[in-house]
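Structure record follows, encoded as structure tokens.
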Amino acid sequence: MSQEDRNRADARFNKMARAANDARTGKSDRDVATKAVLDNMAKLKALRLAREAAAPPPVAAPKKARAKSKKSDEKGPALSDWLAGQQSGGRRT
């Protein structure tokens, strides 16, 4: 094996070793970031639950009565009357 072949093999090996090391380092960085996010979420949840426990429960506002709509007995104008009114008002139907 020549010196040039040996240098190529060493370079290839070193490249693979660096890639494996970067993958491990990158994974540990992601793990640290994930743990930080999860810890922050747990802290915020604990604070929210404590705040909700300290505050009195909200009183439900009474529902407002809706305005009564037309009774089914009360019918609107006949279609022909309505169309005539639309046409006399300048609308094309």
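FYI, nothing fancy with the structure tokens labels: chains A, B, ... in order, residues from 1 per chain, ligands from 1 as they appear.
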Filtered DSSP result for segment 3-79 of chain A, state alpha helix (DSSP H), as a PyMOL selection string: chain A and resi 3-54+79
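Picture a line from atom CA of Ala23 of chain A to atom CA of Asp39 of chain A; it runs 24.0 Å.
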